[in-house]
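Report on one structure; see the data block that follows.
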Amino acid sequence: MQLLLCSGSDLPGMWAFHALRGGALPSLELVTIESLADCSDWEHRVGASGDRISFRLPDGRTIDDSQIEGVLNRLVFPPQELISRAVPADRDYVQQEMTALYLSWLYGLSCPVLNRPTPQGLAGRWRHASEWTLAAHRAGFDVPVYEQTESGPADRGGVSFAGPGESVTQVVVLDGEVFGSVLPERIRDSCRELADICEMGLLGIDLLFSLIGGWSFASATPLPDLEVGGHPLIARLAQALGAPSETDSRLKEADS
Amino acid sequence: MILLCGIPTEEPLRMVRVQLDKLGARYVLFNQRDFGSSKLSFAVDRGQVRGELHIRGSRYLLSSFQAIYTRLMDDRSLPELQDEPEDSPLRLVCRGLHEALNRWMEISPALVVNRCSSMGSNSSKPYQCQLIRRIGFLVPETLVTSNPDRVSEFRATHGRIIYKSISSVRSIVHTFEDSDLERIERIRWCPTQFQAYVEGTNIRVHVVGERVYATAINSNATDYRYAGKLLGVPASMSPTDLSDELAARCVKLARSLGLVFAGIDLKITRAHEVYCFEVNPSPAFSFYESNTGQAISEGLALALRDAEHTSLWGIPRGEYETVLPASQRNDMAQPQASNHTF
């Protein structure tokens, strides 16, 4: 069994679910973030006798780590409904507690997890624009200058170098392969390098292009729009999440 | 130059200042409460971080700071903002300054004690336990559950068990008593963390780079930090020695988490097994130093002063966080534990 964790309103996530389950990963199970609000019988163990996770979903399915072969993880926050059930004074506490639980059980899975959670992001490390700027430079991208002052907007974390309405080229890097638009090899190398530097198995990158300056870095995210990579990305994702090779072959045949 | 950030009267910051004065080290203090007369701007340009910090009319190039010790409190709780509405201009000014300061510290090539990103593992105790275990420590048997029956079963297996938060919020350790059974059904609404109680001697180990300060704690309280409040008798503390191997393992643990300075909570059983419960990434070491006379603040001041000239763990200054990916940190050569204070 493979899991896809995402919100029911996460369109790229839902697209990937239907593409994977209808193709190479028929054993893929969808667990929406919303359904986590009504899970019961949580059991997460850490210790000398090994780690364990199991819980029961409201529709009766039981998720058990012994059956999980791979996870496509697009979990960003604990379900809002769960948090809002707490009295106002306890809401922050509940959010922190559930985040801590999700971080631990997803991190502890022995199977492939794309992306494995970190304390800076449940779906992979969230980075501030200033950090992406440094990392992108190291990866070999041309990067505009990032500036921040005490009097600027307080939260510029998600800022993109793309101006309003400016068109960007999106690619997705999965385990060292670049999916999406056709790019010069040097830029593809930088995409791979950025994912490697940031230790992201799955990374979305937005690029800018101008006739004068060529390609430059705009932004990156651990939660890419998977449709950008199309069916080649889906085939590779299925493989990464443990699809049987026989099914893989059938998919390749169908593609050709 | 060293940058100190926080409230000057806060004890750990005050103690480090005293030591820096003794060493004759040059430092600048950013007092959070002076946010109104402070400014910070920075830019990331072609892989370099540059900018300026203004404090009470004095201007400092950010590149002049080779080390930073931060004890910043939540700026939203500063006394100057007590009567300010949520979105008041003064609050926005204060937030903007702290946001810029924190963001710069995250990418500064200086030695930062400690970066926010390195402190994150403490936000989930069972997650941190998994990281701790990788370094070779035992961790207590842990159960996080929303099912009261599993708690009963866990208690039957382990006898005495404790409960505490999963995150770092409201983190006080309690022994699970029979009287807790009356409210055990409440865990159905929010999974709760239980751990097997481990008998033994509590040891707090402060690691500063490769310096190790171990303190033995004698107390009957489940959470010795609150012994005075709970039992009426505060915990007694004394300096203690660790074997070279154990001290080196503590250094390795702090380093694997990216922490220049860490407070590691150990328990050593009668069978000499070493359990590690938690790593505090922003330890209030003054509590231990005041009780034992251990020179933790001096070690910290030396690490800050020497950051300009020496490397930490053999890595050139400023390249630790920004160059090495996390997976490589665990693979670095094991440090020598020769700098023991005791």
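Identifiers in the structure tokens: chain A, B, ... in order shown; residue index from 1 per chain; ligand index from 1 in order shown.
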
Discussion item. Distance limit 6 Å, atoms considered: only C-alpha atoms. Which chain A residues sit that close to chain B? Return them as a PyMOL selection string.
Written reply: chain A and resi 41-47+96-97+100+104+119+134+137+145-151+154

For range 74-170 of chain A versus range 199-204 of chain A, which residues have an atom no more than 10 Å away, and what is each residue's nearest atom pair and distance in Å rounded to one decimal, using only C-alpha atoms, chain-then-number order, as a Markdown table?
| residue | atom | partner | partner_atom | distance |
| --- | --- | --- | --- | --- |
| A:Pro112 | CA | A:Gly201 | CA | 9.6 |
| A:Val113 | CA | A:Gly201 | CA | 8.6 |
| A:Leu114 | CA | A:Gly201 | CA | 6.1 |
| A:Asn115 | CA | A:Gly201 | CA | 6.0 |
| A:Arg116 | CA | A:Gly201 | CA | 8.3 |
| A:Ala123 | CA | A:Leu202 | CA | 9.7 |
| A:Gly124 | CA | A:Met200 | CA | 7.0 |
| A:Arg125 | CA | A:Met200 | CA | 8.0 |
| A:Gln170 | CA | A:Gly204 | CA | 7.1 |

Once you have the residues from the selection above, write them out as an mmCIF file, in the first residue's frame, restricted to C-alpha atoms.
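That gives us again21.cif:
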data_model
loop_
_atom_site.group_PDB
_atom_site.id
_atom_site.type_symbol
_atom_site.label_atom_id
_atom_site.label_comp_id
_atom_site.auth_asym_id
_atom_site.auth_seq_id
_atom_site.Cartn_x
_atom_site.Cartn_y
_atom_site.Cartn_z
ATOM 1 C CA PRO A 112 10.339 6.165 0.696
ATOM 2 C CA VAL A 113 8.594 9.402 1.717
ATOM 3 C CA LEU A 114 8.398 12.291 -0.765
ATOM 4 C CA ASN A 115 9.164 14.559 0.928
ATOM 5 C CA ARG A 116 10.178 13.366 4.354
ATOM 6 C CA ALA A 123 6.071 18.214 3.491
ATOM 7 C CA GLY A 124 9.789 18.966 3.414
ATOM 8 C CA ARG A 125 11.807 21.873 4.675
ATOM 9 C CA GLN A 170 7.949 25.502 -13.970
#

Fill in: Selection near Ile63 in chain A, 10 Å with only C-alpha atoms, sequence-local residues under 6 positions removed, as a list in words
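Residues near the query, excluding close chain neighbours: Met1, Leu3, Glu29, Val31, Trp42, Ile53, Ser54, Phe55, Arg56 and Leu57 of chain A.
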
Restricting it to N, CA and C atoms, dump the selection as a PDB file, in the first residue's frame.
ATOM      1  N   MET A   1       0.843  -1.203   0.000  1.00  0.00           N
ATOM      2  CA  MET A   1       0.000   0.000   0.000  1.00  0.00           C
ATOM      3  C   MET A   1       0.880   1.256   0.000  1.00  0.00           C
ATOM      4  N   LEU A   3       0.630   5.630   0.247  1.00  0.00           N
ATOM      5  CA  LEU A   3      -0.259   6.693   0.747  1.00  0.00           C
ATOM      6  C   LEU A   3      -0.017   7.980  -0.015  1.00  0.00           C
ATOM      7  N   GLU A  29      -3.516   4.686  -1.581  1.00  0.00           N
ATOM      8  CA  GLU A  29      -4.643   5.118  -0.735  1.00  0.00           C
ATOM      9  C   GLU A  29      -4.544   6.615  -0.514  1.00  0.00           C
ATOM     10  N   VAL A  31      -5.298   9.737   1.744  1.00  0.00           N
ATOM     11  CA  VAL A  31      -5.628  10.176   3.104  1.00  0.00           C
ATOM     12  C   VAL A  31      -5.659  11.699   3.074  1.00  0.00           C
ATOM     13  N   TRP A  42      -4.931   6.337  17.632  1.00  0.00           N
ATOM     14  CA  TRP A  42      -3.539   6.612  17.274  1.00  0.00           C
ATOM     15  C   TRP A  42      -2.612   5.744  18.124  1.00  0.00           C
ATOM     16  N   ILE A  53       3.558   2.957  13.792  1.00  0.00           N
ATOM     17  CA  ILE A  53       2.464   3.918  13.670  1.00  0.00           C
ATOM     18  C   ILE A  53       1.235   3.179  13.161  1.00  0.00           C
ATOM     19  N   SER A  54       0.116   3.430  13.776  1.00  0.00           N
ATOM     20  CA  SER A  54      -1.154   2.994  13.201  1.00  0.00           C
ATOM     21  C   SER A  54      -2.239   3.946  13.688  1.00  0.00           C
ATOM     22  N   PHE A  55      -3.239   4.120  12.861  1.00  0.00           N
ATOM     23  CA  PHE A  55      -4.411   4.911  13.237  1.00  0.00           C
ATOM     24  C   PHE A  55      -5.571   4.512  12.348  1.00  0.00           C
ATOM     25  N   ARG A  56      -6.769   4.831  12.827  1.00  0.00           N
ATOM     26  CA  ARG A  56      -7.974   4.458  12.078  1.00  0.00           C
ATOM     27  C   ARG A  56      -8.616   5.705  11.507  1.00  0.00           C
ATOM     28  N   LEU A  57      -8.909   5.651  10.203  1.00  0.00           N
ATOM     29  CA  LEU A  57      -9.557   6.785   9.539  1.00  0.00           C
ATOM     30  C   LEU A  57     -11.065   6.724   9.772  1.00  0.00           C
TER      31      LEU A  57
END

Discussion item. As an exercise, work out the distance from CA of Thr169 in chain A to CA of Met14 in chain A in Å and give it to one decimal place.
Written reply: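 Rounded to one decimal, the two atoms are 22.0 Å apart.
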
Fill in: 12 Å contact set for Ser77 in chain B, only C-alpha atoms, chain neighbours under 2 positions out, as a list of chain:residue names
B:Gln32, B:Arg33, B:Leu72, B:Met73, B:Asp74, B:Asp75, B:Pro79, B:Glu80, B:Leu81, B:Gln82, B:Asp83, B:Glu84, B:Glu86, B:Arg91, B:Cys94, B:Arg95

Would you write out those residues with C-alpha atoms, as a PDB file, in the first residue's frame?
ATOM      1  CA  GLN B  32      15.229  43.955  22.158  1.00  0.00           C
ATOM      2  CA  ARG B  33      13.517  46.593  24.213  1.00  0.00           C
ATOM      3  CA  LEU B  72      15.688  36.665  21.800  1.00  0.00           C
ATOM      4  CA  MET B  73      12.357  36.388  23.560  1.00  0.00           C
ATOM      5  CA  ASP B  74       9.071  36.453  21.627  1.00  0.00           C
ATOM      6  CA  ASP B  75       8.964  40.080  20.538  1.00  0.00           C
ATOM      7  CA  PRO B  79       6.637  45.072  27.849  1.00  0.00           C
ATOM      8  CA  GLU B  80       6.758  48.050  25.465  1.00  0.00           C
ATOM      9  CA  LEU B  81       3.990  46.425  23.426  1.00  0.00           C
ATOM     10  CA  GLN B  82       1.792  45.395  26.313  1.00  0.00           C
ATOM     11  CA  ASP B  83      -0.935  47.951  25.628  1.00  0.00           C
ATOM     12  CA  GLU B  84      -0.568  48.020  21.872  1.00  0.00           C
ATOM     13  CA  GLU B  86      -2.550  43.623  17.507  1.00  0.00           C
ATOM     14  CA  ARG B  91       4.030  46.324  16.795  1.00  0.00           C
ATOM     15  CA  CYS B  94       9.025  45.669  16.186  1.00  0.00           C
ATOM     16  CA  ARG B  95       7.956  42.607  14.157  1.00  0.00           C
TER      17      ARG B  95
END

Item to complete: Identify, on the basis of only C-alpha atoms, every residue whose closest approach to Ser219 in chain A does not exceed 10 Å; exclude the query and any residue fewer than 2 positions from it along the same chain; express the result as a PyMOL selection string.
Response: chain A and resi 128-129+132-133+136+143+158-162+168+170+204-208+216-217+221

Give me a file of those residues, with C-alpha atoms, as a PDB file, in the first residue's frame.
ATOM      1  CA  HIS A 128      12.618  31.574   3.336  1.00  0.00           C
ATOM      2  CA  ALA A 129      13.222  33.463   0.091  1.00  0.00           C
ATOM      3  CA  TRP A 132      16.451  29.949  -1.491  1.00  0.00           C
ATOM      4  CA  THR A 133      18.426  32.852  -2.936  1.00  0.00           C
ATOM      5  CA  ALA A 136      20.059  28.819  -5.857  1.00  0.00           C
ATOM      6  CA  VAL A 143      19.569  34.969  -9.025  1.00  0.00           C
ATOM      7  CA  GLY A 158       7.178  33.035   0.133  1.00  0.00           C
ATOM      8  CA  VAL A 159       8.271  35.842  -2.121  1.00  0.00           C
ATOM      9  CA  SER A 160       9.066  35.037  -5.749  1.00  0.00           C
ATOM     10  CA  PHE A 161      11.383  37.017  -7.972  1.00  0.00           C
ATOM     11  CA  ALA A 162       8.716  36.844 -10.650  1.00  0.00           C
ATOM     12  CA  VAL A 168       7.459  31.615 -15.238  1.00  0.00           C
ATOM     13  CA  GLN A 170       7.949  25.502 -13.970  1.00  0.00           C
ATOM     14  CA  GLY A 204       9.293  22.442  -7.712  1.00  0.00           C
ATOM     15  CA  ILE A 205      11.310  25.254  -9.273  1.00  0.00           C
ATOM     16  CA  ASP A 206      10.037  28.366 -11.026  1.00  0.00           C
ATOM     17  CA  LEU A 207      12.359  29.991 -13.535  1.00  0.00           C
ATOM     18  CA  LEU A 208      12.330  33.301 -15.347  1.00  0.00           C
ATOM     19  CA  SER A 216      17.238  32.939 -13.763  1.00  0.00           C
ATOM     20  CA  PHE A 217      15.813  31.557 -10.538  1.00  0.00           C
ATOM     21  CA  THR A 221       8.748  24.860  -3.275  1.00  0.00           C
TER      22      THR A 221
END

Residues within 10 Å of Cys111 in chain A, please, as a PDB file with N, CA and C atoms, in the first residue's frame. Count only C-alpha atoms; anything in the same chain fewer than 3 positions from it doesn't count.
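Once everything was written out, this is result.pdb:
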ATOM      1  N   GLN A   2       0.470   2.225  -0.828  1.00  0.00           N
ATOM      2  CA  GLN A   2       1.133   3.531  -0.808  1.00  0.00           C
ATOM      3  C   GLN A   2       0.114   4.564  -0.324  1.00  0.00           C
ATOM      4  N   ASP A  65       1.945   1.099   9.616  1.00  0.00           N
ATOM      5  CA  ASP A  65       3.248   1.266   8.955  1.00  0.00           C
ATOM      6  C   ASP A  65       3.756  -0.021   8.311  1.00  0.00           C
ATOM      7  N   SER A  66       3.337  -1.172   8.831  1.00  0.00           N
ATOM      8  CA  SER A  66       3.845  -2.425   8.269  1.00  0.00           C
ATOM      9  C   SER A  66       3.334  -2.644   6.842  1.00  0.00           C
ATOM     10  N   GLN A  67       2.291  -1.904   6.475  1.00  0.00           N
ATOM     11  CA  GLN A  67       1.727  -2.089   5.124  1.00  0.00           C
ATOM     12  C   GLN A  67       2.086  -0.946   4.169  1.00  0.00           C
ATOM     13  N   ILE A  68       2.768   0.068   4.695  1.00  0.00           N
ATOM     14  CA  ILE A  68       3.040   1.238   3.855  1.00  0.00           C
ATOM     15  C   ILE A  68       4.355   1.040   3.104  1.00  0.00           C
ATOM     16  N   GLU A  69       4.280   1.159   1.770  1.00  0.00           N
ATOM     17  CA  GLU A  69       5.486   0.959   0.948  1.00  0.00           C
ATOM     18  C   GLU A  69       6.056   2.268   0.417  1.00  0.00           C
ATOM     19  N   GLY A  70       5.258   3.316   0.482  1.00  0.00           N
ATOM     20  CA  GLY A  70       5.738   4.614  -0.013  1.00  0.00           C
ATOM     21  C   GLY A  70       4.705   5.683   0.289  1.00  0.00           C
ATOM     22  N   VAL A  71       5.170   6.917   0.453  1.00  0.00           N
ATOM     23  CA  VAL A  71       4.262   8.022   0.785  1.00  0.00           C
ATOM     24  C   VAL A  71       4.566   9.232  -0.084  1.00  0.00           C
ATOM     25  N   LEU A 106       5.781  10.398  10.354  1.00  0.00           N
ATOM     26  CA  LEU A 106       6.171  10.409   8.943  1.00  0.00           C
ATOM     27  C   LEU A 106       7.687  10.298   8.790  1.00  0.00           C
ATOM     28  N   TYR A 107       8.413  10.929   9.701  1.00  0.00           N
ATOM     29  CA  TYR A 107       9.869  10.849   9.650  1.00  0.00           C
ATOM     30  C   TYR A 107      10.333   9.404   9.883  1.00  0.00           C
ATOM     31  N   GLY A 108       9.633   8.717  10.789  1.00  0.00           N
ATOM     32  CA  GLY A 108      10.080   7.390  11.206  1.00  0.00           C
ATOM     33  C   GLY A 108       9.779   6.270  10.230  1.00  0.00           C
ATOM     34  N   LEU A 114       8.109  11.107   0.063  1.00  0.00           N
ATOM     35  CA  LEU A 114       8.398  12.291  -0.765  1.00  0.00           C
ATOM     36  C   LEU A 114       7.421  13.407  -0.417  1.00  0.00           C
ATOM     37  N   LEU A 241       7.693   5.348  -5.468  1.00  0.00           N
ATOM     38  CA  LEU A 241       6.837   4.954  -4.346  1.00  0.00           C
ATOM     39  C   LEU A 241       6.641   3.445  -4.277  1.00  0.00           C
ATOM     40  N   GLY A 242       7.325   2.733  -5.149  1.00  0.00           N
ATOM     41  CA  GLY A 242       7.333   1.278  -5.013  1.00  0.00           C
ATOM     42  C   GLY A 242       6.400   0.529  -5.939  1.00  0.00           C
TER      43      GLY A 242
END

Worksheet item: Looking only at the backbone, which of the residues in range 42-267 of chain B does DSSP tag as strand (DSSP E), as a PyMOL selection string?
Response: chain B and resi 42-45+48-55+58-61+67-70+111-113+142-145+161-164+174-175+192-196+201-208+211-218+236-240+261-267

Selection to disk with C-alpha atoms, as an mmCIF file, in the first residue's frame:
data_model
loop_
_atom_site.group_PDB
_atom_site.id
_atom_site.type_symbol
_atom_site.label_atom_id
_atom_site.label_comp_id
_atom_site.auth_asym_id
_atom_site.auth_seq_id
_atom_site.Cartn_x
_atom_site.Cartn_y
_atom_site.Cartn_z
ATOM 1 C CA PHE B 42 20.476 43.051 4.524
ATOM 2 C CA ALA B 43 20.835 41.835 0.966
ATOM 3 C CA VAL B 44 21.781 38.527 -0.607
ATOM 4 C CA ASP B 45 23.752 39.289 -3.726
ATOM 5 C CA GLN B 48 27.150 37.019 -0.375
ATOM 6 C CA VAL B 49 25.181 38.377 2.577
ATOM 7 C CA ARG B 50 25.778 42.043 3.340
ATOM 8 C CA GLY B 51 23.990 44.744 5.283
ATOM 9 C CA GLU B 52 23.970 47.035 8.291
ATOM 10 C CA LEU B 53 22.695 47.069 11.840
ATOM 11 C CA HIS B 54 21.962 50.396 13.520
ATOM 12 C CA ILE B 55 21.654 50.508 17.305
ATOM 13 C CA SER B 58 25.764 53.480 15.920
ATOM 14 C CA ARG B 59 26.210 51.653 12.634
ATOM 15 C CA TYR B 60 27.715 48.170 12.272
ATOM 16 C CA LEU B 61 28.408 46.227 9.108
ATOM 17 C CA ALA B 67 29.786 35.324 16.197
ATOM 18 C CA ILE B 68 26.243 35.805 17.480
ATOM 19 C CA TYR B 69 24.656 34.668 20.720
ATOM 20 C CA THR B 70 20.897 35.012 20.602
ATOM 21 C CA LEU B 111 28.965 31.393 14.130
ATOM 22 C CA VAL B 112 25.362 31.598 15.394
ATOM 23 C CA VAL B 113 24.482 30.199 18.811
ATOM 24 C CA THR B 142 7.564 5.922 24.111
ATOM 25 C CA LEU B 143 3.893 5.653 23.252
ATOM 26 C CA VAL B 144 1.818 8.420 21.712
ATOM 27 C CA THR B 145 -1.803 7.411 21.674
ATOM 28 C CA ILE B 161 5.118 5.653 33.390
ATOM 29 C CA ILE B 162 5.221 9.387 32.835
ATOM 30 C CA TYR B 163 3.362 11.684 30.474
ATOM 31 C CA LYS B 164 4.396 14.930 28.844
ATOM 32 C CA HIS B 174 4.334 14.109 35.347
ATOM 33 C CA THR B 175 4.156 10.595 36.698
ATOM 34 C CA THR B 192 -0.772 12.228 24.360
ATOM 35 C CA GLN B 193 2.795 11.063 24.920
ATOM 36 C CA PHE B 194 3.625 8.464 27.575
ATOM 37 C CA GLN B 195 7.048 7.097 28.415
ATOM 38 C CA ALA B 196 8.390 4.289 30.544
ATOM 39 C CA THR B 201 20.715 9.572 38.013
ATOM 40 C CA ASN B 202 19.779 12.657 36.050
ATOM 41 C CA ILE B 203 22.731 14.259 34.293
ATOM 42 C CA ARG B 204 22.472 17.558 32.433
ATOM 43 C CA VAL B 205 25.270 17.905 29.923
ATOM 44 C CA HIS B 206 25.979 21.306 28.424
ATOM 45 C CA VAL B 207 27.960 21.094 25.217
ATOM 46 C CA VAL B 208 29.669 24.187 23.800
ATOM 47 C CA ARG B 211 33.609 21.613 25.568
ATOM 48 C CA VAL B 212 31.487 19.442 27.849
ATOM 49 C CA TYR B 213 30.065 20.364 31.264
ATOM 50 C CA ALA B 214 28.228 17.593 33.099
ATOM 51 C CA THR B 215 26.030 18.191 36.132
ATOM 52 C CA ALA B 216 24.549 15.441 38.318
ATOM 53 C CA ILE B 217 21.129 16.213 39.761
ATOM 54 C CA ASN B 218 19.821 14.711 42.949
ATOM 55 C CA SER B 236 20.703 19.550 44.459
ATOM 56 C CA MET B 237 23.374 19.672 41.786
ATOM 57 C CA SER B 238 27.042 18.862 41.536
ATOM 58 C CA PRO B 239 29.638 18.756 38.774
ATOM 59 C CA THR B 240 30.395 15.266 37.554
ATOM 60 C CA PHE B 261 25.428 25.031 22.289
ATOM 61 C CA ALA B 262 23.097 22.380 23.683
ATOM 62 C CA GLY B 263 21.688 21.114 26.973
ATOM 63 C CA ILE B 264 21.448 17.336 26.863
ATOM 64 C CA ASP B 265 19.323 15.478 29.410
ATOM 65 C CA LEU B 266 20.708 12.059 30.285
ATOM 66 C CA LYS B 267 19.825 9.441 32.835
#

Worksheet item: Among range 89-255 of chain B, which ones does DSSP place in helix (DSSP H, G or I), written as a PyMOL selection string?
Response: chain B and resi 89-107+116-123+125-134+148-158+178-188+224-231+244-255

Item to complete: Determine, counting only C-alpha atoms, which protein, DNA and RNA residues have an atom within 6 Å of an atom of range 298-307 of chain B; residues of the same chain fewer than 4 positions away are not included. Present the result as number ranges by chain.
Response: B: 16, 19-20, 67

With C-alpha atoms retained, write the just-selected residues as an mmCIF file, in the first residue's frame.
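Here's the written file again_5.cif:
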data_model
loop_
_atom_site.group_PDB
_atom_site.id
_atom_site.type_symbol
_atom_site.label_atom_id
_atom_site.label_comp_id
_atom_site.auth_asym_id
_atom_site.auth_seq_id
_atom_site.Cartn_x
_atom_site.Cartn_y
_atom_site.Cartn_z
ATOM 1 C CA VAL B 16 27.989 35.705 28.984
ATOM 2 C CA GLN B 19 32.675 36.668 30.759
ATOM 3 C CA LEU B 20 33.199 38.581 27.516
ATOM 4 C CA ALA B 67 29.786 35.324 16.197
#
